[in-house]
Amino acid sequence: MSYTNKRILVTGGASFIGSHLVESLVAEGASVTVADDLSSGRIEHLASCIKDIAFIKCDLRNTESASLATKGQQTVFHLANIHGGRGFIETHPGEISQNLLIDGNVFRACLESQVENVCYASSACVYPTYMQGSDPERRVRHLSEEMADPFIEGRAAADGVYGWCKLMGEMSLSSYHKQFGLRGVSCRLFTVYGPRENESHAIVAFVARAISRQDPFVIWGSGGQDRNFTYVSDAVEGIKRAASRVFDGSAINIGTDEVTTVLSAAKIICEAEGYLPAQFYFDTTKPEGVYARAASVKKQEDLLGWRPTVSFKDGARETIAHYRRSNSRKQIETNLKEKLFAR
Ligand SMILES: NC(=O)c1ccc[n+]([C@@H]2O[C@H](COP(=O)([O-])OP(=O)(O)OC[C@H]3O[C@@H](n4cnc5c(N)ncnc54)[C@H](O)[C@@H]3O)[C@@H](O)[C@H]2O)c1
C-alpha cells in the first residue's frame, strides 16, 4: 500500500517518533493532519514540513476533539500518549492512566468516522515483567508476540501503569476489529532513540552527560540491564509497513534484535564523544526498569519482509550529532537533573 495522496491523521505527531513519521509520510506525498496538545510534543519538531500539513492543537482526552480530528481521514496513526522516560512514568501513574481515555476516544472516533485502518503505537512494556528479570530460569530472550495476552493466564503482567494502559489499548483495538470490523494493528515499539528525543530517556541522558563531561558518569541501576535500542528511522519504517500490511487487530513487535547493555551503551556514547570518565557510578536508588528486554523479530520478518538496519553505534553517532547541533553546552547543563524526570 502506498501512502501517496492518502488522507492521514497522526495523533501525537509533534512528538519525537511522531514527527519523524510525519516527515516520512509527507515525503511520500500523503495529505497529513497532526492532532497534538503539545504537552510533550513540540511544534519545532515539525519545522521542516509544517507548511505541508494541517495541525490541530487539541486534547484527545476530549471526545469532541477525537471526532473532529478523525473526520474524513483514511488512515490514523495513533501515537498521542501521556508518556516519558522511566523517571516520568514511575512517578506520574495518575496522569499515565488517562491514556485509557485518549485511546478509548480515538478508537471510537475512528469507527464513527469510518477510517479505513488504524495503527496504534503500543510498547514492549505490555510484556510480562517476570519474563524480563535477572533470573535466567524465568527470563525469555527475545519476546514474541503471543507472550503478552490479556486472555491467557500468566501472560498479562504488564510493566506498570504505562504498560497496562498499552495492553488495554491493544485489547480495545482488537475488540473493535472483532465486533465492528475496524481494521488495525498494534505496533509494540522497543526502546526507540534518536534525534529529537529528550533527556528523560536513557540514551539522550547519556549523550547529555557525555557532552557535559560528567564524572563520575551516572547510570541508573546496575548498568547490567539490557535493551534492544531501536533507531527512530527503523521504528518509522516498521510502523509504516505494519499499517500497510496488518489489519486484523493483532500486535507486532517493531524493533531490532541487537542487544546492548546499558553500561555498554553509555561507553559507546562516551567513546563517540571522545570522552572517558574516570568512573561510572551506578545509582541503584533510581528506577532502572526490567533487567533484560529484547524483541523477537520473526513476525516482523515474516509479515513485513523487513528488519531494522541501523546499528547502535551508527544510531548513537547520529543522535549525538543532532543533540550537539540543537543544544549549547550551557543549555545541556542547565536543569539536567529535572530534565531526567520530565516528559
Ligand atoms: N520512545 C519510545 O521508546 C517508545 C516506546 C514504545 C512506545 N512508544 C509510544 O510511541 C508514541 C510516541 O512516543 P514518543 O517517545 O515519540 O514521544 P511522546 O510520548 O512524548 O509522544 C506523545 C505525544 O502525544 C502528545 N499528547 C500527549 N497527551 C495528549 C493529549 N491528551 N491530546 C493530544 N496529544 C497528546 C504529546 O504532546 C506528544 O506529542 C507514544 O504513544 C509512546 O507511548 C514510544
# chains A, B, ... in the order shown; residues from 1 in each chain; ligands from 1
$ residues_around --residues "A:Glu338" --least-positions-apart "5" --cutoff "12 Å" --atoms "only C-alpha atoms" --output "ChimeraX atom specification"
/A:87-88,198-200,205,332-333,343
$ select_by_dssp --residues "stretch 209-334 of chain A" --states "helix (DSSP H, G or I)" --output "VMD selection string"
chain A and resid 209 to 211 232 to 245 262 to 272 298 to 304 312 to 326 329 to 333
$ write_last_selection --atoms "C-alpha atoms" --output "PDB file, in the first residue's frame"
ATOM      1  CA  ARG A 209      26.106  13.527  30.431  1.00  0.00           C
ATOM      2  CA  ALA A 210      28.914  12.798  27.954  1.00  0.00           C
ATOM      3  CA  ILE A 211      28.800  16.251  26.330  1.00  0.00           C
ATOM      4  CA  VAL A 232      13.905   6.067  15.068  1.00  0.00           C
ATOM      5  CA  SER A 233      14.119   5.713  11.260  1.00  0.00           C
ATOM      6  CA  ASP A 234      13.789   1.933  11.691  1.00  0.00           C
ATOM      7  CA  ALA A 235      10.811   2.391  14.042  1.00  0.00           C
ATOM      8  CA  VAL A 236       9.104   4.645  11.472  1.00  0.00           C
ATOM      9  CA  GLU A 237       9.726   2.211   8.612  1.00  0.00           C
ATOM     10  CA  GLY A 238       8.359  -0.656  10.722  1.00  0.00           C
ATOM     11  CA  ILE A 239       5.237   1.295  11.710  1.00  0.00           C
ATOM     12  CA  LYS A 240       4.509   2.283   8.104  1.00  0.00           C
ATOM     13  CA  ARG A 241       4.982  -1.279   6.837  1.00  0.00           C
ATOM     14  CA  ALA A 242       2.795  -2.728   9.611  1.00  0.00           C
ATOM     15  CA  ALA A 243      -0.009  -0.242   8.902  1.00  0.00           C
ATOM     16  CA  SER A 244       0.001  -1.221   5.244  1.00  0.00           C
ATOM     17  CA  ARG A 245       0.082  -4.993   5.757  1.00  0.00           C
ATOM     18  CA  VAL A 262      23.019  -0.067  29.407  1.00  0.00           C
ATOM     19  CA  LEU A 263      26.661   0.180  30.515  1.00  0.00           C
ATOM     20  CA  SER A 264      27.957  -0.637  27.050  1.00  0.00           C
ATOM     21  CA  ALA A 265      25.510   1.871  25.530  1.00  0.00           C
ATOM     22  CA  ALA A 266      26.969   4.534  27.851  1.00  0.00           C
ATOM     23  CA  LYS A 267      30.520   3.514  26.899  1.00  0.00           C
ATOM     24  CA  ILE A 268      29.741   3.607  23.150  1.00  0.00           C
ATOM     25  CA  ILE A 269      28.298   7.109  23.531  1.00  0.00           C
ATOM     26  CA  CYS A 270      31.278   8.324  25.586  1.00  0.00           C
ATOM     27  CA  GLU A 271      33.672   6.881  23.029  1.00  0.00           C
ATOM     28  CA  ALA A 272      31.825   8.548  20.143  1.00  0.00           C
ATOM     29  CA  LYS A 298      10.327 -13.271  13.481  1.00  0.00           C
ATOM     30  CA  LYS A 299       6.797 -11.936  12.915  1.00  0.00           C
ATOM     31  CA  GLN A 300       8.248  -8.646  11.703  1.00  0.00           C
ATOM     32  CA  GLU A 301      10.369 -10.501   9.137  1.00  0.00           C
ATOM     33  CA  ASP A 302       7.605 -12.927   8.110  1.00  0.00           C
ATOM     34  CA  LEU A 303       4.785 -10.379   7.704  1.00  0.00           C
ATOM     35  CA  LEU A 304       6.641  -7.213   6.811  1.00  0.00           C
ATOM     36  CA  PHE A 312      23.505   1.040  17.760  1.00  0.00           C
ATOM     37  CA  LYS A 313      26.936   2.574  17.031  1.00  0.00           C
ATOM     38  CA  ASP A 314      25.652   4.370  13.912  1.00  0.00           C
ATOM     39  CA  GLY A 315      22.406   5.474  15.541  1.00  0.00           C
ATOM     40  CA  ALA A 316      24.260   6.788  18.591  1.00  0.00           C
ATOM     41  CA  ARG A 317      26.568   8.870  16.357  1.00  0.00           C
ATOM     42  CA  GLU A 318      23.553  10.453  14.572  1.00  0.00           C
ATOM     43  CA  THR A 319      21.820  11.135  17.885  1.00  0.00           C
ATOM     44  CA  ILE A 320      24.903  12.850  19.333  1.00  0.00           C
ATOM     45  CA  ALA A 321      25.406  14.978  16.206  1.00  0.00           C
ATOM     46  CA  HIS A 322      21.794  16.159  16.263  1.00  0.00           C
ATOM     47  CA  TYR A 323      21.825  16.846  20.001  1.00  0.00           C
ATOM     48  CA  ARG A 324      25.008  18.899  19.679  1.00  0.00           C
ATOM     49  CA  ARG A 325      23.522  20.940  16.803  1.00  0.00           C
ATOM     50  CA  SER A 326      20.356  21.723  18.790  1.00  0.00           C
ATOM     51  CA  ARG A 329      26.730  23.008  26.370  1.00  0.00           C
ATOM     52  CA  LYS A 330      25.230  25.601  28.753  1.00  0.00           C
ATOM     53  CA  GLN A 331      21.675  24.594  27.734  1.00  0.00           C
ATOM     54  CA  ILE A 332      22.577  20.954  28.296  1.00  0.00           C
ATOM     55  CA  GLU A 333      23.947  21.524  31.776  1.00  0.00           C
TER      56      GLU A 333
END
$ closest_atom_pairs --of "chain A" --to "ligand 1" --cutoff "7 Å" --atoms "only C-alpha atoms and all ligand atoms" --output "CSV"
residue,atom,partner,partner_atom_place_in_ligand_line,distance
A:Thr11,CA,ligand 1,34 (N),6.4
A:Gly12,CA,ligand 1,24 (O),3.7
A:Gly13,CA,ligand 1,39 (O),5.7
A:Ala14,CA,ligand 1,39 (O),4.4
A:Ser15,CA,ligand 1,39 (O),3.5
A:Phe16,CA,ligand 1,16 (O),3.7
A:Ile17,CA,ligand 1,16 (O),3.6
A:Gly18,CA,ligand 1,16 (O),5.5
A:Ala35,CA,ligand 1,33 (C),6.2
A:Asp36,CA,ligand 1,34 (N),3.7
A:Asp37,CA,ligand 1,33 (C),4.1
A:Leu38,CA,ligand 1,37 (O),3.7
A:Ser39,CA,ligand 1,37 (O),4.0
A:Ser40,CA,ligand 1,37 (O),4.0
A:Gly41,CA,ligand 1,39 (O),3.2
A:Arg42,CA,ligand 1,39 (O),6.7
A:Cys58,CA,ligand 1,33 (C),5.6
A:Asp59,CA,ligand 1,32 (N),3.6
A:Leu60,CA,ligand 1,32 (N),3.8
A:Arg61,CA,ligand 1,31 (N),4.9
A:Leu79,CA,ligand 1,41 (O),3.9
A:Ala80,CA,ligand 1,24 (O),3.3
A:Asn81,CA,ligand 1,27 (C),4.3
A:Ile82,CA,ligand 1,27 (C),4.5
A:His83,CA,ligand 1,19 (O),4.3
A:Gly84,CA,ligand 1,19 (O),5.5
A:Ile102,CA,ligand 1,31 (N),6.3
A:Ala121,CA,ligand 1,41 (O),5.0
A:Ser122,CA,ligand 1,7 (C),5.2
A:Ser123,CA,ligand 1,6 (C),3.9
A:Ala124,CA,ligand 1,6 (C),6.2
A:Arg188,CA,ligand 1,6 (C),6.5
A:Leu189,CA,ligand 1,6 (C),4.3
A:Phe190,CA,ligand 1,5 (C),5.3
A:Thr191,CA,ligand 1,3 (O),3.8
A:Val192,CA,ligand 1,3 (O),3.6
A:Tyr193,CA,ligand 1,3 (O),6.2
A:Glu197,CA,ligand 1,15 (O),6.8
A:Arg343,CA,ligand 1,20 (O),6.3
$ select_by_dssp --residues "stretch 94-250 of chain A" --states "strand (DSSP E or B)" --output "PyMOL selection string"
chain A and resi 117-123+143+184-189+192-193+217-220+226-227+230-231+248-250
$ write_last_selection --atoms "N, CA and C atoms" --output "PDB file, in the first residue's frame"
ATOM      1  N   ASN A 117      -8.191   2.278   8.311  1.00  0.00           N
ATOM      2  CA  ASN A 117      -7.363   1.468   9.226  1.00  0.00           C
ATOM      3  C   ASN A 117      -6.630   2.340  10.246  1.00  0.00           C
ATOM      4  N   VAL A 118      -6.314   1.679  11.363  1.00  0.00           N
ATOM      5  CA  VAL A 118      -5.693   2.362  12.500  1.00  0.00           C
ATOM      6  C   VAL A 118      -4.373   1.670  12.835  1.00  0.00           C
ATOM      7  N   CYS A 119      -3.346   2.462  13.118  1.00  0.00           N
ATOM      8  CA  CYS A 119      -2.077   1.884  13.583  1.00  0.00           C
ATOM      9  C   CYS A 119      -1.801   2.471  14.962  1.00  0.00           C
ATOM     10  N   TYR A 120      -1.772   1.609  15.954  1.00  0.00           N
ATOM     11  CA  TYR A 120      -1.647   2.045  17.348  1.00  0.00           C
ATOM     12  C   TYR A 120      -0.202   1.874  17.821  1.00  0.00           C
ATOM     13  N   ALA A 121       0.369   2.941  18.394  1.00  0.00           N
ATOM     14  CA  ALA A 121       1.739   2.857  18.929  1.00  0.00           C
ATOM     15  C   ALA A 121       1.695   2.208  20.308  1.00  0.00           C
ATOM     16  N   SER A 122       1.894   0.903  20.332  1.00  0.00           N
ATOM     17  CA  SER A 122       1.957   0.195  21.604  1.00  0.00           C
ATOM     18  C   SER A 122       3.423   0.104  22.042  1.00  0.00           C
ATOM     19  N   SER A 123       3.695  -0.769  22.990  1.00  0.00           N
ATOM     20  CA  SER A 123       5.032  -0.742  23.605  1.00  0.00           C
ATOM     21  C   SER A 123       5.466  -2.125  24.061  1.00  0.00           C
ATOM     22  N   LEU A 143      11.378 -11.689  23.170  1.00  0.00           N
ATOM     23  CA  LEU A 143       9.942 -11.796  23.460  1.00  0.00           C
ATOM     24  C   LEU A 143       9.154 -11.878  22.157  1.00  0.00           C
ATOM     25  N   GLY A 184      -6.991  -2.727  11.865  1.00  0.00           N
ATOM     26  CA  GLY A 184      -5.885  -2.050  12.542  1.00  0.00           C
ATOM     27  C   GLY A 184      -4.804  -2.996  12.999  1.00  0.00           C
ATOM     28  N   VAL A 185      -3.740  -2.382  13.543  1.00  0.00           N
ATOM     29  CA  VAL A 185      -2.592  -3.140  14.047  1.00  0.00           C
ATOM     30  C   VAL A 185      -2.011  -2.382  15.242  1.00  0.00           C
ATOM     31  N   SER A 186      -1.501  -3.131  16.211  1.00  0.00           N
ATOM     32  CA  SER A 186      -0.774  -2.517  17.327  1.00  0.00           C
ATOM     33  C   SER A 186       0.713  -2.792  17.136  1.00  0.00           C
ATOM     34  N   CYS A 187       1.503  -1.718  17.091  1.00  0.00           N
ATOM     35  CA  CYS A 187       2.954  -1.875  16.933  1.00  0.00           C
ATOM     36  C   CYS A 187       3.623  -1.776  18.292  1.00  0.00           C
ATOM     37  N   ARG A 188       4.242  -2.871  18.715  1.00  0.00           N
ATOM     38  CA  ARG A 188       4.934  -2.860  20.014  1.00  0.00           C
ATOM     39  C   ARG A 188       6.345  -2.336  19.799  1.00  0.00           C
ATOM     40  N   LEU A 189       6.530  -1.045  20.067  1.00  0.00           N
ATOM     41  CA  LEU A 189       7.826  -0.403  19.834  1.00  0.00           C
ATOM     42  C   LEU A 189       8.773  -0.736  20.982  1.00  0.00           C
ATOM     43  N   VAL A 192      12.879   3.059  21.548  1.00  0.00           N
ATOM     44  CA  VAL A 192      13.268   3.851  20.374  1.00  0.00           C
ATOM     45  C   VAL A 192      14.149   5.028  20.844  1.00  0.00           C
ATOM     46  N   TYR A 193      15.146   5.387  20.034  1.00  0.00           N
ATOM     47  CA  TYR A 193      16.002   6.529  20.373  1.00  0.00           C
ATOM     48  C   TYR A 193      16.393   7.222  19.072  1.00  0.00           C
ATOM     49  N   PHE A 217      30.293   9.436  35.959  1.00  0.00           N
ATOM     50  CA  PHE A 217      29.229   9.363  34.954  1.00  0.00           C
ATOM     51  C   PHE A 217      28.120   8.472  35.530  1.00  0.00           C
ATOM     52  N   VAL A 218      26.920   9.074  35.711  1.00  0.00           N
ATOM     53  CA  VAL A 218      25.872   8.353  36.436  1.00  0.00           C
ATOM     54  C   VAL A 218      25.031   7.483  35.502  1.00  0.00           C
ATOM     55  N   ILE A 219      24.828   6.242  35.943  1.00  0.00           N
ATOM     56  CA  ILE A 219      23.941   5.308  35.225  1.00  0.00           C
ATOM     57  C   ILE A 219      22.879   4.845  36.219  1.00  0.00           C
ATOM     58  N   TRP A 220      21.622   4.930  35.827  1.00  0.00           N
ATOM     59  CA  TRP A 220      20.554   4.475  36.721  1.00  0.00           C
ATOM     60  C   TRP A 220      20.526   2.937  36.735  1.00  0.00           C
ATOM     61  N   ASP A 226      19.718  -4.808  30.015  1.00  0.00           N
ATOM     62  CA  ASP A 226      19.917  -4.606  28.571  1.00  0.00           C
ATOM     63  C   ASP A 226      18.615  -4.292  27.849  1.00  0.00           C
ATOM     64  N   ARG A 227      18.778  -3.739  26.647  1.00  0.00           N
ATOM     65  CA  ARG A 227      17.650  -3.353  25.782  1.00  0.00           C
ATOM     66  C   ARG A 227      18.050  -3.603  24.327  1.00  0.00           C
ATOM     67  N   THR A 230      16.308   0.759  19.440  1.00  0.00           N
ATOM     68  CA  THR A 230      15.881   0.777  18.034  1.00  0.00           C
ATOM     69  C   THR A 230      15.904   2.210  17.504  1.00  0.00           C
ATOM     70  N   TYR A 231      16.656   2.416  16.426  1.00  0.00           N
ATOM     71  CA  TYR A 231      16.814   3.772  15.897  1.00  0.00           C
ATOM     72  C   TYR A 231      15.489   4.239  15.282  1.00  0.00           C
ATOM     73  N   ASP A 248      -5.769  -7.076  11.053  1.00  0.00           N
ATOM     74  CA  ASP A 248      -6.683  -7.925  11.828  1.00  0.00           C
ATOM     75  C   ASP A 248      -6.714  -7.596  13.320  1.00  0.00           C
ATOM     76  N   GLY A 249      -6.242  -6.422  13.692  1.00  0.00           N
ATOM     77  CA  GLY A 249      -6.295  -6.004  15.089  1.00  0.00           C
ATOM     78  C   GLY A 249      -5.223  -6.640  15.957  1.00  0.00           C
ATOM     79  N   SER A 250      -4.280  -7.363  15.359  1.00  0.00           N
ATOM     80  CA  SER A 250      -3.262  -8.054  16.153  1.00  0.00           C
ATOM     81  C   SER A 250      -2.075  -7.130  16.437  1.00  0.00           C
TER      82      SER A 250
END
